[in-house]
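Participant: model.pdb is reproduced below (PDB, C-alpha atoms and all ligand atoms).
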```pdb
ATOM      1  CA  MET Q 974      19.535 104.347  80.437
ATOM      2  CA  SER Q 975      19.324 107.933  79.208
ATOM      3  CA  ASP Q 976      15.544 108.296  79.531
ATOM      4  CA  ASN Q 977      15.187 111.044  82.103
ATOM      5  CA  THR Q 978      11.604 110.102  82.937
ATOM      6  CA  ILE Q 979      12.848 107.282  85.106
ATOM      7  CA  THR Q 980      13.547 107.759  88.792
ATOM      8  CA  TRP Q 981      16.718 107.099  90.748
ATOM      9  CA  ARG Q 982      14.826 104.308  92.534
ATOM     10  CA  GLU Q 983      14.365 102.456  89.256
ATOM     11  CA  VAL Q 984      17.998 103.030  88.380
ATOM     12  CA  ALA Q 985      19.069 101.801  91.827
ATOM     13  CA  ALA Q 986      17.285  98.461  91.372
ATOM     14  CA  GLU Q 987      19.070  97.794  88.119
ATOM     15  CA  THR Q 988      22.449  99.059  89.346
ATOM     16  CA  GLU Q 989      22.297  96.874  92.441
ATOM     17  CA  ALA Q 990      21.653  93.792  90.309
ATOM     18  CA  ARG Q 991      24.547  94.658  88.005
ATOM     19  CA  LEU Q 992      26.982  95.395  90.822
ATOM     20  CA  SER Q 993      26.269  92.131  92.614
ATOM     21  CA  VAL Q 994      28.765  90.508  90.227
ATOM     22  CA  VAL Q 995      31.712  92.516  91.631
ATOM     23  CA  ALA Q 996      30.626  94.005  94.948
ATOM     24  CA  ASP Q 997      30.362  92.398  98.396
ATOM     25  CA  SER Q 998      27.650  94.867  99.343
ATOM     26  CA  PRO Q 999      25.924  95.992  96.144
ATOM     27  CA  THR Q1000      23.219  97.857  98.080
ATOM     28  CA  ASN Q1001      25.745 100.139  99.754
ATOM     29  CA  GLU Q1002      27.808 100.599  96.619
ATOM     30  CA  THR Q1003      24.683 101.490  94.623
ATOM     31  CA  ARG Q1004      23.790 104.078  97.220
ATOM     32  CA  TRP Q1005      27.285 105.623  97.167
ATOM     33  CA  ILE Q1006      27.341 105.768  93.373
ATOM     34  CA  ILE Q1007      23.888 107.320  93.129
ATOM     35  CA  GLU Q1008      24.645 109.818  95.908
ATOM     36  CA  ARG Q1009      27.747 110.863  93.972
ATOM     37  CA  ALA Q1010      25.991 110.981  90.579
ATOM     38  CA  ALA Q1011      22.934 112.879  91.811
ATOM     39  CA  GLY Q1012      24.732 115.013  94.407
ATOM     40  CA  PHE Q1013      22.621 113.667  97.283
ATOM     41  CA  ASP Q1014      24.081 114.131 100.740
ATOM     42  CA  GLY Q1015      23.213 111.755 103.605
ATOM     43  CA  PRO Q1016      19.447 111.686 104.258
ATOM     44  CA  GLU Q1017      18.731 113.359 100.889
ATOM     45  CA  TYR Q1018      19.225 109.962  99.275
ATOM     46  CA  VAL Q1019      16.026 108.434 100.640
ATOM     47  CA  LEU Q1020      13.915 111.402  99.503
ATOM     48  CA  GLY Q1021      15.845 111.826  96.258
ATOM     49  CA  LEU Q1022      15.209 108.267  95.086
ATOM     50  CA  ASP Q1023      11.802 109.293  93.766
ATOM     51  CA  GLU Q1024      13.181 112.181  91.729
ATOM     52  CA  ASN Q1025      13.659 111.765  88.001
ATOM     53  CA  VAL Q1026      17.243 111.304  86.941
ATOM     54  CA  THR Q1027      19.005 114.119  85.102
ATOM     55  CA  GLU Q1028      20.886 113.448  81.888
ATOM     56  CA  ARG Q1029      24.147 114.630  83.426
ATOM     57  CA  GLY Q1030      23.641 112.608  86.616
ATOM     58  CA  MET Q1031      22.804 109.512  84.614
ATOM     59  CA  HIS Q1032      25.875 109.894  82.421
ATOM     60  CA  PHE Q1033      28.108 110.197  85.499
ATOM     61  CA  HIS Q1034      26.354 107.191  87.059
ATOM     62  CA  ASP Q1035      26.881 105.043  83.956
ATOM     63  CA  LEU Q1036      30.586 105.911  83.809
ATOM     64  CA  MET Q1037      31.053 104.988  87.471
ATOM     65  CA  VAL Q1038      29.153 101.712  87.129
ATOM     66  CA  GLU Q1039      31.211 100.717  84.083
ATOM     67  CA  ARG Q1040      34.451 101.408  85.928
ATOM     68  CA  ARG Q1041      33.277  99.442  88.940
ATOM     69  CA  LEU Q1042      32.179  96.524  86.736
ATOM     70  CA  ALA Q1043      35.665  96.541  85.191
ATOM     71  CA  GLY Q1044      36.962  95.759  88.700
ATOM     72  CA  GLU Q1045      38.182  99.190  89.811
ATOM     73  CA  PRO Q1046      37.846  99.767  93.584
ATOM     74  CA  LEU Q1047      34.765 101.760  94.562
ATOM     75  CA  GLN Q1048      36.839 104.454  96.267
ATOM     76  CA  TYR Q1049      38.717 105.324  93.059
ATOM     77  CA  VAL Q1050      35.471 105.193  91.076
ATOM     78  CA  LEU Q1051      33.835 107.661  93.459
ATOM     79  CA  GLY Q1052      37.032 109.724  93.546
ATOM     80  CA  ARG Q1053      36.600 110.356  97.241
ATOM     81  CA  TRP Q1054      36.636 108.521 100.534
ATOM     82  CA  GLY Q1055      35.997 109.447 104.148
ATOM     83  CA  PHE Q1056      38.805 109.334 106.691
ATOM     84  CA  ARG Q1057      37.977 110.451 110.241
ATOM     85  CA  THR Q1058      36.573 113.983 109.818
ATOM     86  CA  LEU Q1059      37.848 114.424 106.253
ATOM     87  CA  ASP Q1060      36.382 113.763 102.837
ATOM     88  CA  LEU Q1061      39.485 112.953 100.785
ATOM     89  CA  TYR Q1062      40.019 112.944  97.047
ATOM     90  CA  VAL Q1063      41.563 109.591  96.038
ATOM     91  CA  ASP Q1064      42.711 108.048  92.772
ATOM     92  CA  ARG Q1065      45.162 105.389  91.617
ATOM     93  CA  ARG Q1066      48.150 107.504  92.614
ATOM     94  CA  VAL Q1067      47.502 106.832  96.300
ATOM     95  CA  LEU Q1068      46.646 103.984  98.626
ATOM     96  CA  ILE Q1069      42.973 103.959  99.607
ATOM     97  CA  PRO Q1070      42.936 105.093 103.252
ATOM     98  CA  ARG Q1071      41.916 102.159 105.463
ATOM     99  CA  PRO Q1072      39.630 102.193 108.532
ATOM    100  CA  GLU Q1073      42.392 100.678 110.731
ATOM    101  CA  THR Q1074      44.594 103.656 109.889
ATOM    102  CA  GLU Q1075      41.937 105.981 111.345
ATOM    103  CA  MET Q1076      42.677 104.410 114.739
ATOM    104  CA  VAL Q1077      46.431 104.761 114.287
ATOM    105  CA  ALA Q1078      45.935 108.439 113.441
ATOM    106  CA  GLY Q1079      43.748 108.680 116.542
ATOM    107  CA  LEU Q1080      46.675 107.572 118.724
ATOM    108  CA  ALA Q1081      48.778 110.407 117.303
ATOM    109  CA  ILE Q1082      45.967 112.911 117.811
ATOM    110  CA  ASP Q1083      45.647 111.867 121.469
ATOM    111  CA  GLU Q1084      49.430 112.176 121.959
ATOM    112  CA  LEU Q1085      49.515 115.651 120.399
ATOM    113  CA  LYS Q1086      46.550 116.829 122.470
ATOM    114  CA  ALA Q1087      48.286 115.536 125.608
ATOM    115  CA  MET Q1088      51.430 117.451 124.616
ATOM    116  CA  ARG Q1089      49.385 120.635 124.233
ATOM    117  CA  ALA Q1090      47.774 120.056 127.619
ATOM    118  CA  ALA Q1091      51.298 119.647 129.048
ATOM    119  CA  GLY Q1092      52.321 123.070 127.721
ATOM    120  CA  ILE Q1093      53.716 122.438 124.216
ATOM    121  CA  ASP Q1094      51.601 125.043 122.466
ATOM    122  CA  ARG Q1095      52.540 124.170 118.868
ATOM    123  CA  PRO Q1096      53.599 120.535 118.710
ATOM    124  CA  VAL Q1097      55.508 119.564 115.567
ATOM    125  CA  ALA Q1098      54.368 116.351 113.854
ATOM    126  CA  VAL Q1099      55.605 114.521 110.762
ATOM    127  CA  ASP Q1100      53.593 112.065 108.639
ATOM    128  CA  LEU Q1101      56.060 110.066 106.535
ATOM    129  CA  GLY Q1102      54.636 108.474 103.372
ATOM    130  CA  THR Q1103      51.459 110.488 103.534
ATOM    131  CA  GLY Q1104      49.815 109.199 100.308
ATOM    132  CA  SER Q1105      46.453 110.966 100.098
ATOM    133  CA  GLY Q1106      47.405 113.003 103.168
ATOM    134  CA  ALA Q1107      44.934 111.038 105.296
ATOM    135  CA  ILE Q1108      46.961 110.875 108.516
ATOM    136  CA  GLY Q1109      48.839 114.173 108.417
ATOM    137  CA  LEU Q1110      45.857 116.241 107.340
ATOM    138  CA  SER Q1111      43.781 114.667 110.123
ATOM    139  CA  LEU Q1112      46.423 115.718 112.657
ATOM    140  CA  ALA Q1113      46.285 119.286 111.374
ATOM    141  CA  ALA Q1114      42.487 119.322 111.248
ATOM    142  CA  GLU Q1115      41.961 117.802 114.689
ATOM    143  CA  VAL Q1116      44.790 119.217 116.794
ATOM    144  CA  GLU Q1117      44.671 122.957 117.268
ATOM    145  CA  ARG Q1118      47.931 124.757 116.470
ATOM    146  CA  ALA Q1119      49.801 121.542 115.571
ATOM    147  CA  GLU Q1120      52.430 122.080 112.863
ATOM    148  CA  VAL Q1121      52.448 119.169 110.475
ATOM    149  CA  TRP Q1122      54.925 118.060 107.829
ATOM    150  CA  ILE Q1123      53.601 115.593 105.280
ATOM    151  CA  THR Q1124      56.063 113.791 103.009
ATOM    152  CA  ASP Q1125      56.154 111.148 100.313
ATOM    153  CA  ALA Q1126      58.711 109.762  97.866
ATOM    154  CA  SER Q1127      56.006 109.751  95.191
ATOM    155  CA  ALA Q1128      55.507 113.082  93.415
ATOM    156  CA  ASP Q1129      52.225 111.701  92.074
ATOM    157  CA  ALA Q1130      50.932 110.961  95.565
ATOM    158  CA  LEU Q1131      51.835 114.473  96.664
ATOM    159  CA  VAL Q1132      49.670 115.951  93.892
ATOM    160  CA  VAL Q1133      46.735 114.157  95.524
ATOM    161  CA  ALA Q1134      47.827 115.155  99.047
ATOM    162  CA  ARG Q1135      48.063 118.818  97.966
ATOM    163  CA  SER Q1136      44.581 118.764  96.515
ATOM    164  CA  ASN Q1137      43.313 117.360  99.818
ATOM    165  CA  LEU Q1138      45.292 119.991 101.699
ATOM    166  CA  ALA Q1139      43.334 122.630  99.804
ATOM    167  CA  GLY Q1140      40.150 121.099 101.250
ATOM    168  CA  ILE Q1141      40.922 121.388 104.976
ATOM    169  CA  GLY Q1142      40.404 125.123 105.348
ATOM    170  CA  ARG Q1143      42.430 127.277 107.729
ATOM    171  CA  ALA Q1144      44.306 124.307 109.214
ATOM    172  CA  ALA Q1145      46.132 124.063 105.859
ATOM    173  CA  THR Q1146      48.291 127.029 106.844
ATOM    174  CA  ARG Q1147      49.937 124.774 109.466
ATOM    175  CA  VAL Q1148      50.859 122.014 106.980
ATOM    176  CA  ARG Q1149      54.056 121.723 104.913
ATOM    177  CA  VAL Q1150      54.425 119.265 102.050
ATOM    178  CA  GLU Q1151      57.848 117.820 101.141
ATOM    179  CA  GLU Q1152      58.962 115.234  98.600
ATOM    180  CA  GLY Q1153      61.713 112.710  99.360
ATOM    181  CA  SER Q1154      62.590 109.326 100.748
ATOM    182  CA  TRP Q1155      61.641 109.108 104.444
ATOM    183  CA  PHE Q1156      63.697 111.598 106.496
ATOM    184  CA  ASP Q1157      65.551 112.964 103.425
ATOM    185  CA  ALA Q1158      62.387 114.967 102.759
ATOM    186  CA  LEU Q1159      62.757 117.022 105.944
ATOM    187  CA  PRO Q1160      64.786 120.210 106.360
ATOM    188  CA  PRO Q1161      67.907 119.633 108.516
ATOM    189  CA  GLU Q1162      66.840 122.280 111.038
ATOM    190  CA  LEU Q1163      64.011 119.993 112.224
ATOM    191  CA  ARG Q1164      66.546 117.392 113.394
ATOM    192  CA  GLY Q1165      66.209 116.680 117.108
ATOM    193  CA  SER Q1166      63.101 118.836 117.539
ATOM    194  CA  VAL Q1167      60.155 116.810 116.240
ATOM    195  CA  ASP Q1168      57.502 116.002 118.862
ATOM    196  CA  LEU Q1169      55.810 113.187 116.992
ATOM    197  CA  ILE Q1170      56.490 111.072 113.907
ATOM    198  CA  ILE Q1171      53.812 108.842 112.431
ATOM    199  CA  SER Q1172      53.929 106.551 109.427
ATOM    200  CA  ASN Q1173      51.882 103.883 107.742
ATOM    201  CA  PRO Q1174      54.749 102.696 105.541
ATOM    202  CA  PRO Q1175      54.667  99.917 102.939
ATOM    203  CA  TYR Q1176      54.847  96.659 104.932
ATOM    204  CA  VAL Q1177      53.878  93.782 102.665
ATOM    205  CA  ALA Q1178      56.619  91.198 102.050
ATOM    206  CA  ILE Q1179      57.409  90.657  98.376
ATOM    207  CA  GLY Q1180      55.808  87.351  97.508
ATOM    208  CA  ASP Q1181      53.068  87.607 100.144
ATOM    209  CA  GLU Q1182      49.542  87.085  98.991
ATOM    210  CA  VAL Q1183      47.622  90.309  98.429
ATOM    211  CA  GLU Q1184      43.987  90.558  97.332
ATOM    212  CA  ALA Q1185      43.793  90.828  93.534
ATOM    213  CA  ILE Q1186      41.921  94.153  93.637
ATOM    214  CA  VAL Q1187      44.681  95.653  95.801
ATOM    215  CA  ARG Q1188      47.570  94.242  93.751
ATOM    216  CA  GLU Q1189      46.030  95.319  90.452
ATOM    217  CA  TRP Q1190      44.847  98.805  91.339
ATOM    218  CA  GLU Q1191      46.759 100.312  94.246
ATOM    219  CA  PRO Q1192      50.305 101.706  93.864
ATOM    220  CA  GLN Q1193      52.912  98.964  94.299
ATOM    221  CA  SER Q1194      55.255 101.471  95.932
ATOM    222  CA  ALA Q1195      52.681 101.935  98.703
ATOM    223  CA  LEU Q1196      52.509  98.219  99.456
ATOM    224  CA  PHE Q1197      55.748  96.269  99.220
ATOM    225  CA  ALA Q1198      58.831  96.568 101.438
ATOM    226  CA  GLY Q1199      61.444  93.908 100.732
ATOM    227  CA  GLU Q1200      61.721  90.212 101.517
ATOM    228  CA  ASP Q1201      60.192  90.416 105.001
ATOM    229  CA  GLY Q1202      58.107  93.575 104.529
ATOM    230  CA  LEU Q1203      60.210  95.306 107.184
ATOM    231  CA  ASP Q1204      62.631  97.299 105.005
ATOM    232  CA  ASP Q1205      60.876 100.640 105.466
ATOM    233  CA  ILE Q1206      59.933 100.036 109.103
ATOM    234  CA  ARG Q1207      63.617  99.268 109.833
ATOM    235  CA  THR Q1208      64.771 102.472 108.119
ATOM    236  CA  ILE Q1209      62.263 104.627 109.975
ATOM    237  CA  LEU Q1210      63.032 103.039 113.372
ATOM    238  CA  GLU Q1211      66.758 103.515 112.833
ATOM    239  CA  ASP Q1212      66.601 107.151 111.712
ATOM    240  CA  ALA Q1213      63.725 108.466 113.835
ATOM    241  CA  PRO Q1214      65.687 108.938 117.108
ATOM    242  CA  SER Q1215      67.866 111.648 115.588
ATOM    243  CA  TRP Q1216      64.791 113.608 114.414
ATOM    244  CA  LEU Q1217      62.717 113.329 117.586
ATOM    245  CA  ARG Q1218      63.248 115.516 120.627
ATOM    246  CA  SER Q1219      63.990 113.676 123.836
ATOM    247  CA  GLY Q1220      60.706 112.010 124.875
ATOM    248  CA  GLY Q1221      59.274 112.455 121.365
ATOM    249  CA  VAL Q1222      56.922 109.762 120.078
ATOM    250  CA  LEU Q1223      57.076 107.495 117.022
ATOM    251  CA  ILE Q1224      53.921 105.709 115.881
ATOM    252  CA  LEU Q1225      54.018 103.046 113.153
ATOM    253  CA  GLU Q1226      51.262 101.015 111.559
ATOM    254  CA  MET Q1227      52.193  97.495 110.482
ATOM    255  CA  ASP Q1228      51.013  93.935 110.079
ATOM    256  CA  PRO Q1229      50.252  92.310 113.456
ATOM    257  CA  LEU Q1230      52.813  89.592 112.658
ATOM    258  CA  GLN Q1231      55.591  92.207 112.397
ATOM    259  CA  LEU Q1232      55.038  93.801 115.797
ATOM    260  CA  GLU Q1233      57.313  91.538 117.790
ATOM    261  CA  THR Q1234      60.304  92.011 115.495
ATOM    262  CA  ALA Q1235      59.607  95.735 115.197
ATOM    263  CA  SER Q1236      59.435  96.076 119.011
ATOM    264  CA  GLU Q1237      62.834  94.377 119.327
ATOM    265  CA  LEU Q1238      64.260  96.648 116.655
ATOM    266  CA  ALA Q1239      62.850  99.688 118.459
ATOM    267  CA  ARG Q1240      64.531  98.574 121.694
ATOM    268  CA  SER Q1241      67.831  98.053 119.872
ATOM    269  CA  PHE Q1242      67.658 101.636 118.545
ATOM    270  CA  GLY Q1243      67.199 102.970 122.089
ATOM    271  CA  PHE Q1244      63.440 103.543 122.162
ATOM    272  CA  VAL Q1245      61.621 103.171 125.474
ATOM    273  CA  GLY Q1246      57.968 102.978 126.591
ATOM    274  CA  ILE Q1247      57.224 100.458 123.864
ATOM    275  CA  GLU Q1248      53.480  99.808 123.463
ATOM    276  CA  THR Q1249      51.320  98.058 120.916
ATOM    277  CA  HIS Q1250      47.703  98.950 120.174
ATOM    278  CA  ALA Q1251      44.875  96.950 118.615
ATOM    279  CA  ASP Q1252      42.565  98.025 115.804
ATOM    280  CA  LEU Q1253      38.757  97.789 115.934
ATOM    281  CA  ALA Q1254      38.920  94.130 114.972
ATOM    282  CA  GLY Q1255      41.180  93.471 117.974
ATOM    283  CA  ARG Q1256      44.330  92.927 115.866
ATOM    284  CA  GLU Q1257      47.481  94.557 117.239
ATOM    285  CA  ARG Q1258      48.472  96.997 114.495
ATOM    286  CA  SER Q1259      50.349  99.936 115.893
ATOM    287  CA  LEU Q1260      53.643 100.350 117.600
ATOM    288  CA  VAL Q1261      54.050 103.408 119.841
ATOM    289  CA  VAL Q1262      57.570 104.105 121.115
ATOM    290  CA  ARG Q1263      59.340 107.030 122.766
ATOM    291  CA  ARG Q1264      62.818 108.411 122.343
ATOM    292  CA  GLY Q1265      64.691 107.796 125.557
ATOM    293  CA  ASP Q1266      67.849 109.588 126.636
TER     294      ASP Q1266
HETATM  295  C1  LIG Q1301      50.868 102.186 102.900
HETATM  296  S1  LIG Q1301      50.945 103.711 102.009
HETATM  297  C2  LIG Q1301      50.242 104.812 103.225
HETATM  298  C3  LIG Q1301      49.589 106.031 102.668
HETATM  299  C4  LIG Q1301      48.850 106.885 103.717
HETATM  300  N1  LIG Q1301      49.764 107.327 104.756
HETATM  301  C5  LIG Q1301      47.726 106.104 104.347
HETATM  302  O1  LIG Q1301      47.854 105.674 105.501
HETATM  303  O2  LIG Q1301      46.703 105.924 103.693
HETATM  304  C6  LIG Q1301      52.682 104.064 102.058
HETATM  305  C7  LIG Q1301      53.104 105.386 101.458
HETATM  306  O3  LIG Q1301      54.531 105.480 101.606
HETATM  307  C8  LIG Q1301      55.065 106.046 100.434
HETATM  308  N2  LIG Q1301      56.466 105.624 100.320
HETATM  309  C9  LIG Q1301      56.976 104.474  99.830
HETATM  310  N3  LIG Q1301      58.315 104.479  99.896
HETATM  311  C10 LIG Q1301      58.672 105.671 100.442
HETATM  312  C11 LIG Q1301      59.910 106.278 100.791
HETATM  313  N4  LIG Q1301      61.067 105.653 100.562
HETATM  314  N5  LIG Q1301      59.888 107.501 101.338
HETATM  315  C12 LIG Q1301      58.716 108.149 101.582
HETATM  316  N6  LIG Q1301      57.502 107.627 101.277
HETATM  317  C13 LIG Q1301      57.475 106.410 100.713
HETATM  318  C14 LIG Q1301      54.180 105.547  99.312
HETATM  319  O4  LIG Q1301      54.296 106.369  98.168
HETATM  320  C15 LIG Q1301      52.815 105.570  99.981
HETATM  321  O5  LIG Q1301      52.168 106.802  99.780
END
```
As structure tokens, please, write out the structure in this file.
Ligand SMILES: C[S@@+](CC[C@H](N)C(=O)[O-])C[C@H]1O[C@@H](n2cnc3c(N)ncnc32)[C@H](O)[C@@H]1O

Facilitator:
Amino acid sequence: MSDNTITWREVAAETEARLSVVADSPTNETRWIIERAAGFDGPEYVLGLDENVTERGMHFHDLMVERRLAGEPLQYVLGRWGFRTLDLYVDRRVLIPRPETEMVAGLAIDELKAMRAAGIDRPVAVDLGTGSGAIGLSLAAEVERAEVWITDASADALVVARSNLAGIGRAATRVRVEEGSWFDALPPELRGSVDLIISNPPYVAIGDEVEAIVREWEPQSALFAGEDGLDDIRTILEDAPSWLRSGGVLILEMDPLQLETASELARSFGFVGIETHADLAGRERSLVVRRGD
């Protein structure tokens, strides 16, 4: 396919047929791959389909199609994925940001905006286990003057998060990146003063069934958390009260089946105002709790 007298439309027909072996929606995946290869943005795709391919664009296209046919997730193949207002760089070092997490981040954004409206000019937020930076960078991008700490135990993940940090413009000056296990990553002077903590920690129980594409391609350390999948949630719930200010908020994403146990744990660690929130599919996914006093 290196004949540059063919058009992207002709390429698209063939690519769609080839991708149907691995993709649930080959039409969409073909579009994303061609947009990436040809540099088309949004509506340019429809007009651009009748342009002749370039040698460079075709080479890039072929590499992406081969990777996708080898089973690699589309998001890693494209090297980027949208999350709320951001276009994030992603590769195998980080979990692919999920649509349900956009809603969880939205809860934190609403909380921080409410804090600003209530007179906290520069609310301090922490995103533990930031991966690509999806949640924490969204907080910084969408909440004026918020100061955001993003952390991860994986140095590899933080390389990706830092490259995404470089892409958010001026808001990046309000973000700090720290490596370490959960709260160990934070400087001691933050203790007792954090307004909001959010985390989408690993929450799959070892031994639980996970889609093959996820198990084979995404970082294991982003997925699994002990026998019941609650190891990391338990740690965060136990340690968070000493980092939050009185009335500060903790938001956790988890499996709907873990919410009841996690709510009880939260109560046992002194949290109040315990709420759960559903994702777009109507599945309860997030726990929102407040430090009492
Ligand atoms: C489910 S992924 C979430 C990534 C990202 N926040 C998102 O929502 O797309 C969990 C993240 O927690 C990190 N992690 C795992 N164990 C950790 C620990 N002990 N301390 C800090 N981060 C950890 C993983 O490296 C991974 O980036």

Participant: Around ligand LIG 1301 (chain Q), which protein and nucleic acid residues have at least one atom no more than 8 Å from it, if we count only C-alpha atoms and all ligand atoms? List them as a PyMOL selection string.

Facilitator: chain Q and resi 1067-1071+1074+1100-1109+1124-1127+1130+1152-1156+1158+1172-1176+1192+1194-1196+1205

Participant: Quick check on the file I pasted: which residues fall under the PyMOL selection byres (((chain Q and resi 1083-1099) around 9) and not hetatm)? Write them as a list in words.

Facilitator: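 Evaluating the PyMOL selection byres (((chain Q and resi 1083-1099) around 9) and not hetatm) on this file yields Ala1078, Gly1079, Leu1080, Ala1081, Ile1082, Asp1100, Leu1101, Gly1109, Leu1112, Ala1113, Val1116, Glu1117, Arg1118, Ala1119, Glu1120, Val1121, Trp1122, Ile1123, Thr1124, Leu1159, Ser1166, Val1167, Asp1168, Leu1169, Ile1170, Ile1171, Ser1172 and Val1222 of chain Q.
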
Participant: Do a neighbour search on segment 1003-1015 of chain Q at 8 Å with all atoms listed in the file, toss out local chain neighbours closer than 3 positions, and write the hits as a ChimeraX atom specification.

Facilitator: /Q:981,985,988-989,992,999-1000,1018,1021,1026-1027,1030-1031,1033-1034,1037-1038,1051

Participant: Please write the residues picked by the PyMOL selection byres (((chain Q and resi 1235) around 10) and not hetatm) on this file as number ranges by chain.

Facilitator: Q: 1203, 1206-1207, 1210, 1225, 1227, 1230-1234, 1236-1241, 1260

Participant: At what distance in Å, to one decimal, does atom CA of Asp1129 of chain Q lie from atom CA of Arg1040 of chain Q?

Facilitator: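 Atom CA of Asp1129 of chain Q lies at a distance of 21.4 Å from atom CA of Arg1040 of chain Q.
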
Participant: Can you tell me how far atom CA of Ile1247 of chain Q sits from atom CA of Ile1179 of chain Q, in Å to one decimal?

Facilitator: 27.3 Å

Participant: Selection in question (the file shown): the PyMOL selection byres (((chain Q and resi 1164) around 10) and not hetatm). Which residues does it include, as a list in words?

Facilitator: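 What the PyMOL selection byres (((chain Q and resi 1164) around 10) and not hetatm) grabs from the file is Phe1156, Leu1159, Pro1160, Pro1161, Glu1162, Leu1163, Gly1165, Ser1166, Val1167, Ala1213, Pro1214, Ser1215, Trp1216, Leu1217 and Arg1218 of chain Q.
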
Participant: Give the padded box for segment 1067-1086 of chain Q as JSON: axis-aligned, covering all atoms listed in the file, 6 Å on each side, centre and edge lengths in Å to one decimal.

Facilitator:
```
{"center_x": 44.6, "center_y": 108.8, "center_z": 109.4, "size_x": 21.9, "size_y": 28.2, "size_z": 38.2}
```

Participant: From the list Q:Glu983, Q:Glu1191, Q:Asp1212, Q:Asp1201, which residue is nearest Val1063 of chain Q when using all atoms listed in the file?

Facilitator: Q:Glu1191

Participant: Which distance in Å separates atom CA of Arg1256 of chain Q and atom CA of Val1183 of chain Q, to one decimal?

Facilitator: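 Atom-to-atom, atom CA of Arg1256 of chain Q and atom CA of Val1183 of chain Q are spaced 17.9 Å apart.
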